[in-house]
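> As input, take data31.txt (compact mmCIF, C-alpha atoms and all ligand atoms):
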# COMPACT_ATOMS: atom_id res chain seq x y z
CA MET A 881 -16.75 -20.26 1.95
CA THR A 882 -13.39 -21.98 2.25
CA PHE A 883 -11.86 -19.49 4.66
CA ARG A 884 -12.78 -20.49 8.20
CA ALA A 885 -10.13 -18.93 10.41
CA ARG A 886 -11.08 -16.74 13.37
CA HIS A 887 -7.68 -15.02 13.45
CA LEU A 888 -4.85 -14.59 10.98
CA LEU A 889 -1.84 -15.38 13.16
CA GLY A 890 0.26 -17.07 10.53
CA VAL A 891 0.13 -18.84 7.18
CA GLU A 892 0.97 -22.14 8.88
CA PRO A 893 -2.67 -23.09 9.64
CA LEU A 894 -4.01 -22.02 6.22
CA ALA A 895 -5.00 -24.65 3.68
CA PRO A 896 -4.07 -24.04 0.01
CA ALA A 897 -7.78 -23.49 -0.79
CA GLU A 898 -8.00 -20.77 1.90
CA ILE A 899 -4.94 -19.05 0.45
CA THR A 900 -6.52 -19.14 -3.00
CA THR A 901 -9.83 -17.79 -1.65
CA LEU A 902 -8.05 -14.88 -0.02
CA LEU A 903 -5.97 -14.08 -3.10
CA ASP A 904 -9.02 -14.24 -5.37
CA LEU A 905 -10.89 -11.81 -3.12
CA ALA A 906 -7.81 -9.57 -3.01
CA GLU A 907 -7.94 -9.39 -6.83
CA THR A 908 -11.33 -7.71 -6.58
CA TYR A 909 -9.83 -5.19 -4.17
CA VAL A 910 -6.93 -4.49 -6.54
CA ALA A 911 -9.60 -3.44 -9.06
CA LEU A 912 -11.47 -1.36 -6.45
CA ASN A 913 -8.25 0.38 -5.38
CA ARG A 914 -7.53 1.42 -8.95
CA ARG A 915 -10.86 3.24 -9.21
CA THR A 916 -11.23 6.92 -8.41
CA VAL A 917 -13.78 6.17 -5.70
CA LYS A 918 -12.32 3.40 -3.57
CA HIS A 919 -15.00 2.71 -1.02
CA GLY A 920 -16.42 -0.67 -0.06
CA ASP A 921 -18.64 -1.52 2.90
CA ALA A 922 -17.32 -4.90 4.07
CA LEU A 923 -16.18 -3.47 7.41
CA GLU A 924 -18.95 -0.89 7.82
CA GLY A 925 -19.69 -0.28 11.51
CA LEU A 926 -16.69 -2.32 12.71
CA THR A 927 -13.83 -0.97 14.79
CA GLN A 928 -10.22 -1.76 13.85
CA ILE A 929 -7.35 -1.05 16.22
CA ASN A 930 -3.75 -1.09 14.95
CA LEU A 931 -1.40 -1.91 17.79
CA PHE A 932 2.22 -1.70 16.67
CA PHE A 933 4.92 -2.37 19.28
CA GLU A 934 7.58 -2.18 16.54
CA ALA A 935 8.21 0.46 13.88
CA SER A 936 6.43 0.03 10.56
CA THR A 937 5.85 2.05 7.40
CA ARG A 938 4.20 -0.11 4.75
CA THR A 939 2.35 -2.56 6.96
CA GLN A 940 0.74 -0.09 9.33
CA SER A 941 -0.22 2.44 6.67
CA SER A 942 -1.66 -0.22 4.39
CA PHE A 943 -3.69 -1.81 7.20
CA GLU A 944 -5.02 1.66 8.03
CA LEU A 945 -5.90 2.39 4.42
CA ALA A 946 -7.41 -1.07 3.97
CA GLY A 947 -9.70 -0.60 6.97
CA LYS A 948 -10.75 2.90 5.94
CA ARG A 949 -11.48 1.89 2.35
CA LEU A 950 -13.82 -0.81 3.65
CA GLY A 951 -15.65 1.49 6.03
CA ALA A 952 -14.18 0.54 9.43
CA ASP A 953 -13.51 3.02 12.24
CA VAL A 954 -9.73 2.77 12.46
CA MET A 955 -7.63 3.74 15.46
CA ASN A 956 -3.82 3.65 15.56
CA MET A 957 -2.23 3.08 18.96
CA ALA A 958 1.23 4.66 18.96
CA VAL A 959 3.16 2.23 21.11
CA ALA A 960 6.30 1.73 19.00
CA GLN A 961 9.49 2.53 20.92
CA SER A 962 7.52 2.86 24.17
CA SER A 963 8.38 1.06 27.40
CA VAL A 964 5.60 -1.47 26.98
CA LYS A 965 7.00 -4.90 27.81
CA LYS A 966 5.86 -8.45 27.17
CA GLY A 967 4.12 -10.63 29.74
CA GLU A 968 1.56 -9.03 32.01
CA THR A 969 1.86 -5.63 30.40
CA LEU A 970 0.97 -7.03 27.00
CA ILE A 971 -1.99 -8.88 28.45
CA ASP A 972 -3.11 -5.76 30.33
CA THR A 973 -2.94 -3.80 27.09
CA ALA A 974 -4.97 -6.48 25.36
CA LEU A 975 -7.62 -6.51 28.06
CA THR A 976 -7.84 -2.72 28.05
CA LEU A 977 -8.35 -2.64 24.31
CA ASN A 978 -10.76 -5.55 24.46
CA ALA A 979 -12.95 -3.54 26.80
CA MET A 980 -13.33 -0.94 24.02
CA GLN A 981 -15.12 -3.58 21.92
CA PRO A 982 -12.88 -3.64 18.85
CA ASP A 983 -13.74 -6.08 16.09
CA LEU A 984 -10.34 -6.32 14.43
CA LEU A 985 -7.02 -5.99 16.20
CA VAL A 986 -3.90 -5.70 14.04
CA VAL A 987 -0.79 -6.37 16.09
CA ARG A 988 2.96 -6.16 15.51
CA HIS A 989 5.31 -7.19 18.31
CA PRO A 990 9.06 -7.83 18.58
CA ASN A 991 8.56 -11.14 20.41
CA SER A 992 7.73 -14.32 18.51
CA GLY A 993 4.46 -15.74 19.85
CA ALA A 994 3.29 -12.50 21.49
CA VAL A 995 0.45 -12.04 18.99
CA ASN A 996 -0.82 -15.60 19.56
CA LEU A 997 -0.80 -14.95 23.29
CA LEU A 998 -2.74 -11.73 22.83
CA ALA A 999 -5.28 -13.45 20.57
CA SER A 1000 -6.11 -15.88 23.36
CA LYS A 1001 -7.16 -12.98 25.61
CA VAL A 1002 -9.54 -11.02 23.39
CA ASN A 1003 -12.95 -11.52 21.78
CA CYS A 1004 -12.19 -9.92 18.43
CA ALA A 1005 -10.36 -11.16 15.33
CA VAL A 1006 -6.59 -10.69 15.57
CA LEU A 1007 -4.28 -10.20 12.60
CA ASN A 1008 -0.56 -10.74 13.03
CA ALA A 1009 1.33 -7.84 11.40
CA GLY A 1010 4.68 -9.45 12.25
CA ASP A 1011 5.85 -11.07 15.50
CA GLY A 1012 9.60 -11.27 16.05
CA ARG A 1013 11.17 -13.85 13.77
CA HIS A 1014 8.02 -15.95 13.71
CA GLU A 1015 5.47 -14.98 11.05
CA HIS A 1016 4.28 -12.10 8.90
CA PRO A 1017 1.30 -13.69 7.15
CA THR A 1018 -0.03 -10.71 5.20
CA GLN A 1019 3.47 -10.13 3.77
CA ALA A 1020 3.62 -13.70 2.45
CA LEU A 1021 0.08 -13.37 1.06
CA LEU A 1022 0.85 -10.09 -0.70
CA ASP A 1023 4.03 -11.63 -2.07
CA ALA A 1024 2.00 -14.58 -3.30
CA LEU A 1025 -0.47 -12.29 -5.06
CA THR A 1026 2.39 -10.34 -6.63
CA ILE A 1027 4.04 -13.54 -7.87
CA ARG A 1028 0.74 -14.97 -9.17
CA ARG A 1029 0.04 -11.80 -11.16
CA ALA A 1030 3.57 -11.51 -12.55
CA LYS A 1031 4.10 -15.19 -13.38
CA GLY A 1032 0.52 -16.19 -14.13
CA ARG A 1033 0.64 -18.99 -11.53
CA LEU A 1034 1.63 -19.74 -7.96
CA HIS A 1035 2.95 -23.28 -8.30
CA ARG A 1036 5.98 -25.03 -9.76
CA LEU A 1037 8.13 -21.92 -9.55
CA THR A 1038 11.70 -21.76 -8.31
CA VAL A 1039 11.90 -19.07 -5.68
CA ALA A 1040 15.24 -17.97 -4.21
CA ILE A 1041 14.81 -16.25 -0.82
CA CYS A 1042 18.10 -14.48 -0.19
CA GLY A 1043 19.92 -12.80 2.68
CA ASP A 1044 19.19 -12.67 6.37
CA ILE A 1045 16.98 -15.73 6.65
CA ALA A 1046 17.67 -16.33 10.34
CA HIS A 1047 16.05 -13.13 11.59
CA SER A 1048 13.29 -12.89 9.01
CA ARG A 1049 9.60 -13.59 9.66
CA VAL A 1050 9.06 -12.72 5.98
CA ALA A 1051 11.30 -15.64 4.94
CA ARG A 1052 9.53 -18.00 7.32
CA SER A 1053 6.00 -17.11 6.19
CA ASN A 1054 7.00 -17.19 2.54
CA LEU A 1055 8.74 -20.52 2.88
CA ILE A 1056 5.61 -22.03 4.44
CA LEU A 1057 3.17 -20.50 1.95
CA LEU A 1058 5.22 -21.23 -1.16
CA GLY A 1059 5.78 -24.78 0.05
CA LYS A 1060 2.04 -25.31 0.55
CA MET A 1061 1.44 -24.14 -3.03
CA GLU A 1062 4.04 -26.61 -4.35
CA ASN A 1063 6.89 -24.37 -5.34
CA ARG A 1064 10.60 -25.10 -5.11
CA VAL A 1065 12.11 -22.81 -2.49
CA ARG A 1066 15.80 -22.12 -2.04
CA LEU A 1067 17.24 -20.33 0.95
CA VAL A 1068 20.34 -18.40 -0.01
CA GLY A 1069 22.73 -16.61 2.33
CA PRO A 1070 25.74 -16.84 4.62
CA ALA A 1071 25.81 -19.77 7.05
CA THR A 1072 25.73 -17.27 9.95
CA LEU A 1073 22.33 -16.00 8.75
CA MET A 1074 20.78 -19.41 8.13
CA PRO A 1075 18.46 -20.57 10.94
CA ARG A 1076 19.48 -23.62 12.91
CA GLY A 1077 17.50 -26.61 11.69
CA ALA A 1078 16.90 -25.12 8.21
CA ALA A 1079 18.45 -28.25 6.70
CA ASP A 1080 15.38 -30.19 7.90
CA TRP A 1081 12.84 -27.88 6.29
CA GLY A 1082 12.82 -29.66 2.95
CA CYS A 1083 14.16 -26.76 0.89
CA GLU A 1084 17.50 -26.26 -0.84
CA ILE A 1085 20.10 -24.24 1.02
CA HIS A 1086 22.86 -22.34 -0.76
CA GLU A 1087 25.68 -20.34 0.71
CA ASP A 1088 26.89 -19.54 -2.80
CA MET A 1089 24.51 -16.90 -4.16
CA ARG A 1090 25.38 -17.71 -7.76
CA ALA A 1091 24.31 -21.34 -7.35
CA GLY A 1092 21.20 -20.22 -5.45
CA LEU A 1093 20.05 -17.88 -8.22
CA GLN A 1094 20.63 -20.30 -11.09
CA ASP A 1095 17.45 -20.43 -13.21
CA ALA A 1096 15.26 -18.95 -10.48
CA ASP A 1097 11.84 -17.56 -11.49
CA VAL A 1098 11.62 -15.30 -8.46
CA VAL A 1099 14.44 -13.60 -6.54
CA MET A 1100 13.26 -12.40 -3.14
CA MET A 1101 15.78 -10.23 -1.32
CA LEU A 1102 15.65 -9.64 2.43
CA ARG A 1103 16.88 -6.81 4.62
CA LEU A 1104 19.73 -7.37 7.05
CA GLN A 1105 17.76 -7.20 10.34
CA LYS A 1106 20.40 -5.41 12.37
CA GLU A 1107 17.94 -4.72 15.19
CA ARG A 1108 17.69 -8.48 15.81
CA MET A 1109 21.46 -9.11 15.67
CA ASP A 1110 23.50 -9.17 18.82
CA GLY A 1111 26.91 -9.92 17.33
CA GLY A 1112 28.98 -10.04 14.17
CA PHE A 1113 26.91 -11.96 11.66
CA ILE A 1114 28.55 -10.50 8.57
CA PRO A 1115 32.17 -9.55 7.79
CA SER A 1116 31.30 -5.99 6.63
CA GLU A 1117 28.47 -4.47 4.58
CA ARG A 1118 30.85 -4.04 1.65
CA GLU A 1119 31.88 -7.67 1.72
CA TYR A 1120 28.24 -8.71 2.25
CA PHE A 1121 27.12 -6.82 -0.85
CA HIS A 1122 29.96 -8.34 -2.83
CA ARG A 1123 28.96 -11.91 -1.91
CA TRP A 1124 25.20 -11.76 -1.27
CA GLY A 1125 24.00 -8.43 -2.59
CA LEU A 1126 21.84 -8.58 -5.73
CA ASP A 1127 23.58 -6.92 -8.66
CA ALA A 1128 23.14 -7.23 -12.43
CA GLU A 1129 25.84 -9.87 -12.74
CA LYS A 1130 24.29 -12.22 -10.20
CA LEU A 1131 20.74 -11.57 -11.45
CA ALA A 1132 21.85 -12.64 -14.93
CA LEU A 1133 22.07 -16.21 -13.58
CA ALA A 1134 18.34 -16.32 -12.86
CA LYS A 1135 15.80 -16.89 -15.65
CA PRO A 1136 15.71 -14.01 -18.16
CA ASP A 1137 12.17 -13.15 -17.02
CA ALA A 1138 12.84 -13.59 -13.30
CA ILE A 1139 11.20 -11.01 -11.06
CA VAL A 1140 12.93 -9.24 -8.17
CA MET A 1141 11.13 -8.72 -4.85
CA HIS A 1142 11.91 -7.03 -1.54
CA PRO A 1143 9.50 -6.56 1.39
CA GLY A 1144 11.04 -3.23 2.37
CA PRO A 1145 12.54 -1.29 3.93
CA MET A 1146 15.51 -1.69 1.57
CA ASN A 1147 19.16 -1.10 2.31
CA ARG A 1148 20.36 -0.05 -1.12
CA GLY A 1149 23.95 -1.08 -1.73
CA VAL A 1150 23.82 -3.63 1.11
CA GLU A 1151 21.44 -6.38 0.02
CA ILE A 1152 20.34 -4.91 -3.31
CA ASP A 1153 21.77 -2.63 -5.98
CA GLY A 1154 19.57 0.47 -6.27
CA THR A 1155 19.47 0.25 -10.07
CA ILE A 1156 17.92 -3.22 -9.92
CA ALA A 1157 15.41 -2.17 -7.28
CA ASP A 1158 14.28 0.63 -9.59
CA ASP A 1159 14.29 -1.39 -12.82
CA ILE A 1160 10.61 -1.58 -13.78
CA ASN A 1161 11.33 -4.50 -16.11
CA ARG A 1162 12.60 -6.70 -13.28
CA SER A 1163 11.55 -5.25 -9.95
CA VAL A 1164 8.00 -5.75 -8.62
CA ILE A 1165 8.73 -3.99 -5.34
CA GLN A 1166 6.12 -1.28 -5.91
CA ASP A 1167 3.57 -3.91 -6.98
CA GLN A 1168 4.17 -5.61 -3.62
CA VAL A 1169 3.17 -2.40 -1.86
CA GLU A 1170 0.03 -2.09 -4.00
CA MET A 1171 -0.91 -5.74 -3.40
CA GLY A 1172 -0.39 -5.19 0.32
CA VAL A 1173 -3.43 -2.92 0.60
CA ALA A 1174 -5.64 -5.32 -1.38
CA VAL A 1175 -4.52 -8.40 0.54
CA ARG A 1176 -5.13 -6.69 3.88
CA MET A 1177 -8.59 -5.64 2.72
CA ALA A 1178 -9.32 -9.25 1.77
CA ALA A 1179 -7.94 -10.65 5.03
CA MET A 1180 -10.01 -8.29 7.18
CA ASP A 1181 -13.10 -8.82 5.02
CA LEU A 1182 -12.90 -12.62 5.43
CA LEU A 1183 -12.25 -12.45 9.17
CA ALA A 1184 -15.12 -9.98 9.59
CA ARG A 1185 -17.50 -12.36 7.78
CA ASN A 1186 -16.48 -15.18 10.14
CA LEU A 1187 -16.82 -12.90 13.15
CA ARG A 1188 -20.31 -11.81 12.12
CA ALA A 1189 -21.33 -15.41 11.48
CA GLU A 1190 -20.00 -16.49 14.87
CA ARG A 1191 -21.80 -13.66 16.65
CA GLY A 1192 -24.99 -14.33 14.72
CA ALA A 1193 -24.89 -18.01 15.68
CA ARG A 1194 -24.24 -17.13 19.29
CA ALA A 1195 -27.08 -14.61 19.39
CA ALA A 1196 -29.44 -17.12 17.75
CA GLY A 1197 -28.48 -19.70 20.33
CA GLY A 1198 -29.34 -17.31 23.14
CA GLY A 1199 -25.69 -16.83 24.07
CA VAL A 1200 -24.07 -13.61 25.14
CA TYR A 1201 -23.20 -11.26 22.30
CA VAL A 1202 -19.47 -10.49 22.49
N1 LIG B 1301 8.95 -5.11 6.79
C1 LIG B 1301 9.30 -6.50 6.96
C2 LIG B 1301 9.04 -6.95 8.39
O1 LIG B 1301 8.43 -6.22 9.14
C3 LIG B 1301 10.68 -6.79 6.53
C4 LIG B 1301 11.76 -6.04 7.26
O2 LIG B 1301 11.51 -5.29 8.19
O3 LIG B 1301 12.91 -6.24 6.86
O4 LIG B 1301 9.41 -8.05 8.73
Would you mind giving the structure from this file in structure tokens?
Ligand code: ASP

Amino acid sequence: MTFRARHLLGVEPLAPAEITTLLDLAETYVALNRRTVKHGDALEGLTQINLFFEASTRTQSSFELAGKRLGADVMNMAVAQSSVKKGETLIDTALTLNAMQPDLLVVRHPNSGAVNLLASKVNCAVLNAGDGRHEHPTQALLDALTIRRAKGRLHRLTVAICGDIAHSRVARSNLILLGKMENRVRLVGPATLMPRGAADWGCEIHEDMRAGLQDADVVMMLRLQKERMDGGFIPSEREYFHRWGLDAEKLALAKPDAIVMHPGPMNRGVEIDGTIADDINRSVIQDQVEMGVAVRMAAMDLLARNLRAERGARAAGGGVYV
């Protein structure tokens, strides 16, 4: 098997072959999820804990559904908006949960790097469900599956990632994944929302949205992450929509068959016109949600196989079973 990772903390360490393995397995789960009876047994007997220190709709619910459909015992820890802090408290939480013998720990945290830190303290497989501005690997993988299905391939495409790049882990993970699969990525948005150092990342950067969308195959819109902004990054929402919001006129500059994506939650009328978001001929936003469940099933399935193999090898070698 080409997927060897113990954790899924980001797309950065994944090889193109591992990405393809995961997407191919996810395809089988798309088929399973479309059946009336949606049960598999890949996670039978395993315990999955979802630990979300930040609010989530799609990611948490799809991880929960993914675990349940594959037979895991799933527990959701409701820590969003609580007073849990980083540092010792996070480690204490990790150690407490570790003592409950989970097999899969799905973690979202507002601090970049917090999930990696947590992974170093536990015995189970850890999946990053979004850490600060750092990475959101399952989002990039579900986006990749959506693109591959809509375009028939995942290479040599021009992908415009537009909006609040600076605060977006979705942009970062997508940029890395799409780059690994040999696509042409453009970052499009106001200079105030472009990360420092982006010029060295080997992708095109456009402040002018019209130039950025020219002949694009994929238009990926991002939410303005107001919760991560501590100052005036945009003139006004009205002005922002006028210059960087996706409307029919700007979309007309992309390829005629270009698809429109958004990870959600959407701010209609701020970064995207509601009519475009709802246009089933252009928008694949609902497909992204569907692919999210399948990709998370595949990710947990692959990590569980590696975990079982590791435990089996340890038991065979006379080591302690963890
Ligand atoms: N849901 C995505 C994330 O958690 C995108 C967003 O919140 O704008 O990063």
> Which distance in Å separates atom CA of His1142 of chain A and atom CA of Asp1023 of chain A, to one decimal?
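Atom-to-atom, atom CA of His1142 of chain A and atom CA of Asp1023 of chain A are spaced 9.1 Å apart.
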> Once you count all atoms listed in the file, which residues end up within 6 Å of ligand LIG 1301 (chain B), and could you hand them over as a list in words?
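So, counting all atoms listed in the file, the residues near ligand LIG 1301 (chain B) are Gly1010, Arg1049, Val1050, Arg1103, Pro1143, Gly1144 and Pro1145 of chain A.
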> Contacts of segment 1112-1117 of chain A at 12 Å or less, counting all atoms listed in the file, minus same-chain residues fewer than 5 places along, as a VMD selection string?
chain A and resid 1043 to 1047 1069 to 1074 1103 to 1106 1122 to 1125 1147 to 1152
> Just to confirm, what's the straight-line distance from atom CA of Ala911 of chain A to atom CA of Ala1184 of chain A in Å (one decimal)?
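Computed distance, atom CA of Ala911 of chain A to atom CA of Ala1184 of chain A, equals 20.5 Å.
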> Can you work out which one of A:Val1068, A:Tyr909, A:Leu1058, A:Leu1183 has the shortest atom-to-atom distance to Val986 of chain A, counting all atoms listed in the file?
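Selected residue with least distance to Val986 of chain A: A:Leu1183.
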> Determine the nearest neighbour of Gln1094 of chain A from the options A:Lys1031, A:Lys1135, A:Lys1060, A:Arg938, counting all atoms listed in the file.
A:Lys1135
> Which value, in Å to one decimal, gives the distance between atom CA of Ala1189 of chain A and atom CA of Val1175 of chain A?
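Value for the atom CA of Ala1189 of chain A-atom CA of Val1175 of chain A distance: 21.2 Å.
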> Using all atoms listed in the file for the distances, tell me which of A:Met1141, A:Val1002, A:Leu903, A:Ala895 is nearest to Val1098 of chain A.
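Closest candidate: A:Met1141.
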> With only C-alpha atoms as the basis for distance, which of A:Asn930, A:Thr973, A:Ser1048, A:Thr1026 is at the shortest distance from Met957 of chain A?
A:Asn930
> Could you check the closest approach to Asn913 of chain A for each of A:Ala1157, A:Val954, A:Ala946, A:Val1164 and tell me which residue wins, using only C-alpha atoms?
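Answer, going by the shortest atom-to-atom distance: A:Ala946.
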> Out of A:Ala1195, A:Met1180, A:Leu1007, A:Ala1091, which residue has the shortest atom-to-atom distance to Val891 of chain A when counting all atoms listed in the file?
A:Leu1007
> Would you compute the box with edges along x, y and z of the file around segment 912-916 of chain A, including every atom the file lists for it and 4 Å extra on each side, and give its centre and edge lengths in Å to one decimal, as AutoDock Vina command-line options?

--center_x -9.5 --center_y 2.8 --center_z -7.3 --size_x 11.9 --size_y 16.3 --size_z 11.8
> Any idea what's packed within 12 Å of Leu1021 of chain A, counting only C-alpha atoms, ignoring anything in its chain fewer than 2 positions away? Could you give it as a VMD selection string?
chain A and resid 888 890 to 892 894 896 898 to 907 1009 1015 to 1019 1023 to 1028 1034 1050 1053 to 1058 1061 1143 1168 to 1169 1171 to 1179
> Write out as a ChimeraX atom specification the residues lying within 8 Å of Ile929 of chain A, counting only C-alpha atoms and excluding same-chain residues fewer than 2 positions away.
/A:927,931,954-957,982,984-986
> Could you write out that same residue set with C-alpha atoms as a PDB file, in the frame of the given file?

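File written: again_37.pdb
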ATOM      1  CA  THR A 927     -13.830  -0.970  14.790  1.00  0.00           C
ATOM      2  CA  LEU A 931      -1.400  -1.910  17.790  1.00  0.00           C
ATOM      3  CA  VAL A 954      -9.730   2.770  12.460  1.00  0.00           C
ATOM      4  CA  MET A 955      -7.630   3.740  15.460  1.00  0.00           C
ATOM      5  CA  ASN A 956      -3.820   3.650  15.560  1.00  0.00           C
ATOM      6  CA  MET A 957      -2.230   3.080  18.960  1.00  0.00           C
ATOM      7  CA  PRO A 982     -12.880  -3.640  18.850  1.00  0.00           C
ATOM      8  CA  LEU A 984     -10.340  -6.320  14.430  1.00  0.00           C
ATOM      9  CA  LEU A 985      -7.020  -5.990  16.200  1.00  0.00           C
ATOM     10  CA  VAL A 986      -3.900  -5.700  14.040  1.00  0.00           C
TER      11      VAL A 986
END
